[in-house]
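Peer 1: So here's structure_22.cif, just mmCIF, C-alpha atoms:
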data_model
loop_
_atom_site.label_atom_id
_atom_site.label_comp_id
_atom_site.auth_asym_id
_atom_site.auth_seq_id
_atom_site.Cartn_x
_atom_site.Cartn_y
_atom_site.Cartn_z
CA MET D 266 14.91 -1.02 -20.49
CA THR D 267 14.72 -0.60 -16.71
CA ILE D 268 11.69 1.65 -17.22
CA LEU D 269 9.93 -1.12 -19.09
CA ILE D 270 10.82 -3.64 -16.39
CA GLN D 271 9.53 -1.37 -13.64
CA PHE D 272 6.33 -0.90 -15.61
CA ALA D 273 5.97 -4.70 -15.84
CA ILE D 274 6.64 -5.10 -12.10
CA GLY D 275 4.02 -2.46 -11.32
CA LEU D 276 1.60 -4.20 -13.66
CA LEU D 277 2.21 -7.49 -11.84
CA PHE D 278 1.56 -5.79 -8.50
CA GLY D 279 -1.68 -4.32 -9.85
CA LEU D 280 -2.78 -7.71 -11.19
CA GLY D 281 -2.09 -9.18 -7.77
CA LEU D 282 -4.29 -6.52 -6.18
CA ILE D 283 -7.10 -7.29 -8.61
CA VAL D 284 -6.87 -11.10 -8.46
CA SER D 285 -6.74 -11.00 -4.67
CA GLY D 286 -9.79 -8.75 -4.42
CA MET D 287 -7.81 -6.08 -2.58
CA SER D 288 -8.71 -3.57 -5.30
CA ASN D 289 -12.32 -3.77 -4.14
CA PRO D 290 -12.84 -1.42 -1.16
CA ALA D 291 -16.02 -3.29 -0.13
CA LYS D 292 -13.91 -6.42 0.41
CA VAL D 293 -11.33 -4.51 2.45
CA LEU D 294 -14.01 -2.94 4.67
CA ASN D 295 -15.70 -6.31 5.18
CA PHE D 296 -12.35 -7.67 6.32
CA LEU D 297 -11.82 -4.81 8.78
CA ASP D 298 -15.39 -5.18 10.10
CA LEU D 299 -14.78 -7.60 12.94
CA ALA D 300 -18.37 -7.24 14.10
CA GLY D 301 -19.12 -9.22 10.93
CA VAL D 302 -17.57 -12.32 12.52
CA ALA D 303 -20.65 -12.70 14.69
CA SER D 304 -23.15 -11.72 11.98
CA GLY D 305 -21.52 -13.89 9.31
CA THR D 306 -20.53 -11.08 6.92
CA TRP D 307 -16.83 -11.01 7.82
CA ASP D 308 -14.66 -11.54 4.72
CA ALA D 309 -11.40 -13.14 5.83
CA SER D 310 -9.94 -13.13 2.30
CA LEU D 311 -7.43 -10.36 2.92
CA ALA D 312 -5.63 -12.45 5.51
CA PHE D 313 -4.84 -14.81 2.63
CA VAL D 314 -3.52 -11.92 0.51
CA MET D 315 -1.20 -10.96 3.33
CA ALA D 316 -0.13 -14.57 3.93
CA GLY D 317 0.64 -15.15 0.25
CA ALA D 318 2.55 -11.91 -0.19
CA VAL D 319 4.56 -12.24 3.02
CA ALA D 320 5.43 -15.89 2.25
CA VAL D 321 6.90 -14.98 -1.15
CA THR D 322 8.79 -11.92 0.07
CA PHE D 323 10.04 -13.74 3.17
CA VAL D 324 11.71 -16.39 1.01
CA GLY D 325 12.50 -14.15 -1.98
CA PHE D 326 14.19 -11.30 -0.06
CA ARG D 327 16.42 -13.87 1.66
CA TYR D 328 17.89 -14.92 -1.68
CA ILE D 329 17.93 -11.51 -3.35
CA LEU D 330 19.58 -9.69 -0.45
CA LYS D 331 22.51 -12.11 -0.55
CA LEU D 332 23.44 -10.81 -4.00
CA ALA D 333 26.28 -8.30 -4.27
CA HIS D 334 23.95 -5.69 -5.75
CA PRO D 335 20.62 -5.42 -7.59
CA LEU D 336 20.46 -5.83 -11.37
CA PHE D 337 20.24 -2.16 -12.27
CA THR D 338 21.54 -0.23 -9.27
CA GLN D 339 24.69 -0.14 -7.17
CA ARG D 340 23.20 -1.16 -3.83
CA PHE D 341 20.12 -2.26 -1.91
CA TYR D 342 18.10 0.42 -0.14
CA VAL D 343 16.70 -1.55 2.76
CA PRO D 344 15.54 0.33 5.86
CA THR D 345 17.75 -0.42 8.85
CA ARG D 346 16.06 1.54 11.63
CA SER D 347 14.66 -0.41 14.56
CA ASP D 348 13.81 2.41 16.99
CA ILE D 349 10.17 2.92 17.91
CA ASP D 350 9.58 6.67 17.78
CA ARG D 351 6.31 8.56 17.95
CA LYS D 352 6.00 8.86 14.17
CA ILE D 353 5.94 5.10 13.60
CA ILE D 354 2.81 4.94 15.76
CA VAL D 355 1.10 8.24 14.94
CA GLY D 356 1.55 7.89 11.16
CA PRO D 357 0.09 4.38 10.85
CA ALA D 358 -2.68 5.30 13.33
CA ILE D 359 -3.76 8.15 11.02
CA PHE D 360 -3.27 5.96 7.96
CA GLY D 361 -5.51 3.26 9.44
CA ILE D 362 -8.34 5.74 10.03
CA GLY D 363 -8.21 6.81 6.39
CA TRP D 364 -8.04 3.17 5.29
CA GLY D 365 -11.07 2.27 7.40
CA LEU D 366 -13.08 5.24 6.12
CA ALA D 367 -13.02 4.35 2.43
CA GLY D 368 -11.39 0.92 2.20
CA PHE D 369 -8.56 2.25 0.04
CA CYS D 370 -4.85 2.10 0.74
CA PRO D 371 -2.33 3.60 -1.72
CA GLY D 372 -1.76 0.58 -4.02
CA PRO D 373 -5.40 -0.35 -4.60
CA ALA D 374 -6.31 3.34 -4.92
CA LEU D 375 -3.78 3.86 -7.72
CA THR D 376 -4.89 0.66 -9.43
CA ALA D 377 -8.49 1.82 -9.09
CA LEU D 378 -7.62 4.77 -11.35
CA GLY D 379 -7.45 2.26 -14.19
CA PHE D 380 -11.04 1.23 -13.49
CA GLY D 381 -11.94 4.76 -14.58
CA SER D 382 -13.88 5.53 -11.43
CA THR D 383 -14.37 9.13 -10.33
CA SER D 384 -14.36 8.07 -6.67
CA ALA D 385 -10.86 6.63 -7.00
CA PHE D 386 -9.70 9.80 -8.73
CA ILE D 387 -11.01 11.97 -5.86
CA PHE D 388 -9.37 9.68 -3.30
CA VAL D 389 -6.01 9.68 -5.11
CA LEU D 390 -6.02 13.48 -5.46
CA ALA D 391 -6.66 13.85 -1.73
CA MET D 392 -4.08 11.16 -0.96
CA CYS D 393 -1.41 12.97 -2.97
CA ALA D 394 -2.30 16.19 -1.16
CA GLY D 395 -1.93 14.39 2.17
CA MET D 396 1.46 13.03 1.10
CA ILE D 397 2.70 16.44 0.03
CA ILE D 398 1.49 18.01 3.30
CA ALA D 399 3.33 15.36 5.31
CA ARG D 400 6.49 15.83 3.28
CA VAL D 401 6.37 19.61 3.70
CA ILE D 402 5.87 19.31 7.47
CA ALA D 403 8.65 16.72 7.69
CA GLN D 404 11.02 19.16 5.93
CA LEU D 405 10.29 22.01 8.33
CA PRO D 406 13.15 22.74 10.71
CA SER D 407 12.35 21.53 14.18
CA SER D 408 14.27 21.74 17.43
CA THR D 409 13.11 18.27 18.34
CA ARG D 410 14.71 16.75 15.27
CA VAL D 411 18.36 16.76 16.23
CA ALA D 412 19.24 14.02 13.77
CA ALA D 413 17.15 13.78 10.65
CA PRO D 414 16.53 10.24 9.40
CA VAL D 415 18.52 9.33 6.29
CA HIS D 416 15.31 8.46 4.54
CA PRO D 417 12.22 10.05 6.03
CA LEU D 418 10.11 8.02 3.60
CA GLU D 419 11.94 4.80 3.88
CA SER D 420 9.40 2.25 2.77
CA MET X 144 -22.93 -2.56 3.33
CA ILE X 145 -22.46 -4.98 0.45
CA ALA X 146 -21.60 -8.56 1.33
CA THR X 147 -18.52 -9.92 -0.44
CA PRO X 148 -17.77 -13.62 -0.95
CA PHE X 149 -14.89 -15.30 0.86
CA THR X 150 -12.23 -15.99 -1.81
CA PRO X 151 -9.30 -17.74 -0.11
CA ILE X 152 -7.77 -19.25 -3.29
CA ALA X 153 -7.96 -16.13 -5.46
CA SER X 154 -6.77 -13.98 -2.57
CA LEU X 155 -3.84 -16.27 -1.83
CA LEU X 156 -2.94 -16.34 -5.53
CA GLY X 157 -3.18 -12.54 -5.75
CA GLY X 158 -1.03 -12.29 -2.64
CA LEU X 159 1.60 -14.48 -4.28
CA LEU X 160 1.64 -12.15 -7.30
CA ILE X 161 2.03 -9.12 -5.03
CA GLY X 162 4.89 -10.85 -3.22
CA LEU X 163 6.51 -11.82 -6.52
CA SER X 164 6.29 -8.22 -7.71
CA ALA X 165 7.94 -7.00 -4.49
CA VAL X 166 10.76 -9.56 -4.85
CA LEU X 167 11.32 -8.60 -8.50
CA LEU X 168 11.46 -4.90 -7.63
CA MET X 169 14.04 -5.61 -4.94
CA TRP X 170 16.04 -7.71 -7.39
CA ALA X 171 15.88 -5.12 -10.17
CA THR X 172 16.20 -1.84 -8.29
CA GLY X 173 17.17 -2.73 -4.72
CA ARG X 174 14.08 -0.95 -3.43
CA ILE X 175 11.21 -1.90 -1.15
CA ALA X 176 7.88 -2.15 -2.99
CA GLY X 177 6.18 0.34 -0.72
CA ILE X 178 3.48 1.97 -2.79
CA SER X 179 3.14 5.04 -0.57
CA GLY X 180 6.90 5.61 -0.72
CA ILE X 181 6.90 5.23 -4.50
CA ALA X 182 3.87 7.51 -4.91
CA ALA X 183 5.08 10.18 -2.47
CA ARG X 184 8.44 10.39 -4.25
CA LEU X 185 6.70 11.31 -7.49
CA PHE X 186 6.54 14.78 -5.96
CA PRO X 187 9.46 17.13 -5.19
CA PRO X 188 11.86 17.45 -3.50
CA TYR X 189 13.65 14.70 -5.42
CA GLU X 190 16.39 12.85 -3.53
CA ASP X 191 17.57 10.69 -6.43
CA ARG X 192 17.25 10.20 -10.18
CA GLU X 193 14.73 7.37 -10.14
CA LEU X 194 11.61 9.38 -10.87
CA SER X 195 11.02 7.78 -14.27
CA GLY X 196 11.23 4.26 -12.82
CA ARG X 197 8.74 5.09 -10.08
CA LEU X 198 6.42 6.68 -12.61
CA ALA X 199 6.66 3.55 -14.78
CA PHE X 200 5.76 1.37 -11.77
CA VAL X 201 2.70 3.51 -10.98
CA VAL X 202 1.62 3.49 -14.62
CA GLY X 203 1.89 -0.33 -14.45
CA LEU X 204 -0.39 -0.35 -11.39
CA ILE X 205 -2.95 1.76 -13.22
CA ALA X 206 -2.65 -0.34 -16.39
CA ALA X 207 -3.49 -3.58 -14.57
CA PRO X 208 -7.30 -3.25 -14.66
CA VAL X 209 -7.09 -2.10 -18.28
CA LEU X 210 -5.21 -5.29 -19.14
CA VAL X 211 -7.70 -7.41 -17.21
CA ARG X 212 -10.50 -5.80 -19.16
CA LEU X 213 -8.76 -6.42 -22.48
CA VAL X 214 -8.20 -10.09 -21.65
CA THR X 215 -11.46 -10.99 -19.90
CA GLY X 216 -13.78 -8.49 -21.56
CA SER X 217 -15.07 -7.08 -18.29
CA MET X 218 -13.83 -4.96 -15.42
CA PRO X 219 -13.24 -6.80 -12.16
CA GLU X 220 -15.69 -6.10 -9.38
CA GLN X 221 -15.22 -2.91 -7.44
CA THR X 222 -17.66 -1.27 -5.05
CA ILE X 223 -16.80 2.11 -3.58
CA ALA X 224 -19.48 3.00 -1.05
CA ALA X 225 -17.91 6.21 0.30
CA GLY X 226 -19.22 9.59 -0.90
CA THR X 227 -17.03 12.54 -1.88
CA PRO X 228 -16.54 14.12 1.60
CA ILE X 229 -15.48 10.76 3.07
CA LEU X 230 -13.23 10.04 0.08
CA VAL X 231 -11.48 13.38 0.50
CA ALA X 232 -11.01 12.92 4.25
CA ALA X 233 -9.90 9.30 3.77
CA GLY X 234 -7.45 10.24 1.03
CA LEU X 235 -5.88 13.04 3.07
CA LEU X 236 -5.51 10.83 6.16
CA THR X 237 -4.19 7.86 4.19
CA GLY X 238 -1.65 9.94 2.29
CA PHE X 239 -0.50 11.91 5.31
CA GLY X 240 -0.34 8.90 7.62
CA ALA X 241 1.54 6.74 5.12
CA VAL X 242 4.28 9.33 4.66
CA TRP X 243 4.39 10.24 8.37
CA GLY X 244 4.69 6.57 9.32
CA ALA X 245 7.14 5.81 6.47
CA GLY X 246 4.98 3.19 4.82
CA CYS X 247 1.62 1.62 4.18
CA THR X 248 0.07 -1.82 3.77
CA SER X 249 2.68 -2.85 1.20
CA GLY X 250 5.84 -1.29 2.64
CA HIS X 251 5.19 -2.20 6.27
CA GLY X 252 2.51 -4.88 5.99
CA VAL X 253 4.21 -7.02 3.34
CA CYS X 254 7.84 -6.05 2.83
CA GLY X 255 8.50 -4.96 6.42
CA LEU X 256 6.88 -7.95 8.10
CA SER X 257 8.73 -10.37 5.85
CA ARG X 258 12.02 -8.68 6.78
CA LEU X 259 11.00 -9.11 10.45
CA SER X 260 11.23 -5.34 10.99
CA VAL X 261 10.05 -4.31 14.44
CA ARG X 262 9.05 -0.86 13.17
CA SER X 263 6.91 -2.42 10.45
CA LEU X 264 5.29 -4.79 12.94
CA VAL X 265 4.37 -1.85 15.19
CA ALA X 266 3.09 0.09 12.17
CA THR X 267 1.03 -2.83 10.84
CA VAL X 268 -0.57 -3.63 14.20
CA THR X 269 -1.36 0.07 14.64
CA PHE X 270 -3.02 0.66 11.27
CA MET X 271 -4.94 -2.61 11.50
CA ALA X 272 -6.23 -1.53 14.91
CA THR X 273 -7.30 1.98 13.88
CA GLY X 274 -8.72 0.62 10.61
CA ILE X 275 -10.84 -1.91 12.49
CA ALA X 276 -11.92 0.74 15.00
CA THR X 277 -12.85 3.17 12.23
CA VAL X 278 -14.98 0.62 10.39
CA TYR X 279 -16.67 -0.27 13.67
CA VAL X 280 -17.51 3.37 14.37
CA MET X 281 -18.68 4.04 10.83
CA ARG X 282 -20.86 0.94 10.57
CA HIS X 283 -22.08 0.19 14.06
CA TRP X 284 -22.27 3.49 15.94
CA SER X 285 -25.55 4.90 14.86
#
Give the structure from this file in structure tokens form.

Peer 2:
Amino acid sequence: MTILIQFAIGLLFGLGLIVSGMSNPAKVLNFLDLAGVASGTWDASLAFVMAGAVAVTFVGFRYILKLAHPLFTQRFYVPTRSDIDRKIIVGPAIFGIGWGLAGFCPGPALTALGFGSTSAFIFVLAMCAGMIIARVIAQLPSSTRVAAPVHPLES
Amino acid sequence: MIATPFTPIASLLGGLLIGLSAVLLMWATGRIAGISGIAARLFPPYEDRELSGRLAFVVGLIAAPVLVRLVTGSMPEQTIAAGTPILVAAGLLTGFGAVWGAGCTSGHGVCGLSRLSVRSLVATVTFMATGIATVYVMRHWS
């Protein structure tokens, strides 16, 4: 039952990516291309995707997180850290470079698999490799990591 | 580059669906709809017993264009300009960076911002900045 519900929620997310145009890398790159503001090719659409998604989650999370527990699990797993360490800057900086190179971030890339495109398949394979590499490095013992985060992959 | 039309209504509507999906996932499983976190946890080491749920979510993501095709009769528009070497580099960087920074566009950019998380705000500003810089270099430095 919960499997079916999670499938449906994933499907809804994927439909959102498609309807919004986020599943089209050309649209993403045209949004990130600020030089296009002057030349008239800038596509501001993705700001509307962000606005719509944040508006719903901003209101929705407020209600949901007041519940005693989620429908199918014992507790909520919401990140609580607020410290700004090096990883929270270095990771997204690297992520942004990859995003800007191809116009794919993880959600649209996975959804793109369903389009049957070879390019998306190559990207997703490399993305999974990158994820595994990061997880392996994060697991390595390090003298600088006195206290390991509870959830190294918290969001 | 290929010009794309400005689609504020469709994009806003799609954004609402993405937000609704994230709220439903929180309601059902108590988890943040961070796609990189969900995808990365498909691989070992496993910290919990929710692999099947994550797999179902990802299968749902992949099924979305198939459903759209079944309903509308055609695939939605998608243009991938990058060649294989760029795709491989982009994939590696995106995957590594998302795990290293504990989130991506969905986890930090949507769920984190709406929870007013300072870490997610820093992450979102950072990946937007390097994304913009990268596109600038790729398109206008020649």

Peer 1: Once the PyMOL selection byres ((chain D and resi 312) around 9) has been applied to the shown file, what residues remain in the selection, as JSON, numbers by chain?

Peer 2: {"D": [296, 309, 310, 311, 313, 314, 315, 316, 317], "X": [151, 154, 155]}

Peer 1: Let me know the residues the PyMOL selection byres ((chain X and resi 188-201) around 7) catches in the file above, as a compact mmCIF listing (two decimals) with C-alpha atoms, in the coordinates of the input.

Peer 2:
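Contents of selection.txt, as written:
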# COMPACT_ATOMS: atom_id res chain seq x y z
CA ILE D 268 11.69 1.65 -17.22
CA GLN D 271 9.53 -1.37 -13.64
CA PHE D 272 6.33 -0.90 -15.61
CA ILE D 274 6.64 -5.10 -12.10
CA GLY D 275 4.02 -2.46 -11.32
CA ILE X 181 6.90 5.23 -4.50
CA ARG X 184 8.44 10.39 -4.25
CA LEU X 185 6.70 11.31 -7.49
CA PHE X 186 6.54 14.78 -5.96
CA PRO X 187 9.46 17.13 -5.19
CA VAL X 202 1.62 3.49 -14.62
CA GLY X 203 1.89 -0.33 -14.45
CA LEU X 204 -0.39 -0.35 -11.39
CA ILE X 205 -2.95 1.76 -13.22

Peer 1: Please identify all polymer residues within 8 Å of range 344-357 of chain D, counting only C-alpha atoms, omitting same-chain residues fewer than 3 positions from it, and present them as a ChimeraX atom specification.

Peer 2: /D:360-361,419-420 /X:239-247,260-262,265-267,269-270

Peer 1: Evaluated on this file, the PyMOL selection byres ((chain D and resi 306) around 9) picks out some residues - which ones are they, written as number ranges by chain?

Peer 2: D: 295-296, 298, 300-305, 307-308; X: 146-148

Peer 1: May I have the residues within 8 Å of Ile362 in chain D as a VMD selection string, using only C-alpha atoms and disregarding those fewer than 3 positions away in the same chain?

Peer 2: (chain D and resid 358 to 359 365 to 366) or (chain X and resid 233 236 to 237 270 273 to 274 276 to 277)

Peer 1: I'd like the interatomic distance between CA of Gly363 in chain D and CA of Gly238 in chain X, to a tenth of an Å.

Peer 2: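 Between CA of Gly363 in chain D and CA of Gly238 in chain X the gap is 8.3 Å.
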
Peer 1: May I ask which of the residues X:Val280, X:Leu264, X:Gly234, X:Ile152 is the closest one to chain D, counting all atoms listed in the file?

Peer 2: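 Result for the nearest residue to chain D: X:Gly234.
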
Peer 1: By how many Å are CA of Pro228 in chain X and CA of Ile145 in chain X apart?

Peer 2: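 Separation between CA of Pro228 in chain X and CA of Ile145 in chain X: 20.0 Å.
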
Peer 1: For Arg327 in chain D, list every protein, DNA or RNA residue within 12 Å, evaluated using only C-alpha atoms, and leave out those in the same chain fewer than 3 positions away; present the list as a ChimeraX atom specification.

Peer 2: /D:320-324,330-332 /X:166,169-170,254,257-259

Peer 1: Between CA of Gly252 in chain X and CA of Met271 in chain X, measure the distance and give it in Å to one decimal.

Peer 2: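 Atom-to-atom, CA of Gly252 in chain X and CA of Met271 in chain X are spaced 9.5 Å apart.
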
Peer 1: For a cut-off of 10 Å around (12.9, -9.3, -9.2), file coordinates, pick out all residues using all atoms listed in the file and list them as JSON, numbers by chain.

Peer 2: {"D": [270, 271, 274, 325, 326, 329, 335, 336], "X": [163, 164, 165, 166, 167, 168, 169, 170, 171, 172, 173]}

Peer 1: Find the residue from X:Val278, X:His251, X:Phe149, X:Trp284 that sits nearest to Ser179 in chain X; use only C-alpha atoms when measuring.

Peer 2: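 Going through X:Val278, X:His251, X:Phe149, X:Trp284 one by one, the smallest distance to Ser179 in chain X is for X:His251.
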
Peer 1: I need the residue nearest chain X from this list: D:Cys370, D:Leu390, D:His334, D:Ser285. Use only C-alpha atoms for the distance.

Peer 2: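 Checking each of D:Cys370, D:Leu390, D:His334, D:Ser285 against chain X, counting only C-alpha atoms, the winner is D:Ser285.
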
Peer 1: Using only C-alpha atoms for the distances, tell me which of D:Leu405, D:Val343, D:Ala273, D:Leu378 is nearest to Ser288 in chain D.

Peer 2: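 The closest residue to Ser288 in chain D is D:Leu378.
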
Peer 1: Calculated over only C-alpha atoms, which of the candidates D:Tyr328, D:Phe369, D:Phe380, D:Phe337 has the smallest distance to Thr248 in chain X?

Peer 2: D:Phe369

Peer 1: Kindly complete range 180-196 of chain X to N, CA and C atoms; the output should be written as a tab-separated table (two decimals), in the frame of the given file.

Peer 2:
chain	number	residue	atom	x	y	z
X	180	GLY	N	5.58	5.02	-0.52
X	180	GLY	CA	6.90	5.61	-0.72
X	180	GLY	C	7.15	5.93	-2.19
X	181	ILE	N	6.74	5.02	-3.05
X	181	ILE	CA	6.90	5.23	-4.50
X	181	ILE	C	6.04	6.42	-4.95
X	182	ALA	N	4.79	6.44	-4.49
X	182	ALA	CA	3.87	7.51	-4.91
X	182	ALA	C	4.31	8.87	-4.36
X	183	ALA	N	4.70	8.90	-3.09
X	183	ALA	CA	5.08	10.18	-2.47
X	183	ALA	C	6.31	10.77	-3.15
X	184	ARG	N	7.21	9.90	-3.61
X	184	ARG	CA	8.44	10.39	-4.25
X	184	ARG	C	8.23	10.81	-5.70
X	185	LEU	N	6.99	10.74	-6.16
X	185	LEU	CA	6.70	11.31	-7.49
X	185	LEU	C	6.68	12.83	-7.40
X	186	PHE	N	6.61	13.34	-6.16
X	186	PHE	CA	6.54	14.78	-5.96
X	186	PHE	C	7.87	15.31	-5.41
X	187	PRO	N	8.21	16.58	-5.71
X	187	PRO	CA	9.46	17.13	-5.19
X	187	PRO	C	9.39	17.29	-3.68
X	188	PRO	N	10.48	17.40	-2.97
X	188	PRO	CA	11.86	17.45	-3.50
X	188	PRO	C	12.36	16.06	-3.86
X	189	TYR	N	13.12	15.98	-4.95
X	189	TYR	CA	13.65	14.70	-5.42
X	189	TYR	C	15.01	14.41	-4.80
X	190	GLU	N	15.15	13.21	-4.21
X	190	GLU	CA	16.39	12.85	-3.53
X	190	GLU	C	17.30	12.05	-4.45
X	191	ASP	N	16.76	11.51	-5.54
X	191	ASP	CA	17.57	10.69	-6.43
X	191	ASP	C	17.08	10.88	-7.86
X	192	ARG	N	17.59	10.05	-8.76
X	192	ARG	CA	17.25	10.20	-10.18
X	192	ARG	C	16.35	9.07	-10.65
X	193	GLU	N	15.52	8.53	-9.76
X	193	GLU	CA	14.73	7.37	-10.14
X	193	GLU	C	13.26	7.68	-10.36
X	194	LEU	N	12.99	8.96	-10.67
X	194	LEU	CA	11.61	9.38	-10.87
X	194	LEU	C	10.93	8.60	-12.00
X	195	SER	N	11.64	8.43	-13.12
X	195	SER	CA	11.02	7.78	-14.27
X	195	SER	C	10.66	6.32	-13.96
X	196	GLY	N	11.51	5.64	-13.20
X	196	GLY	CA	11.23	4.26	-12.82
X	196	GLY	C	10.00	4.17	-11.94
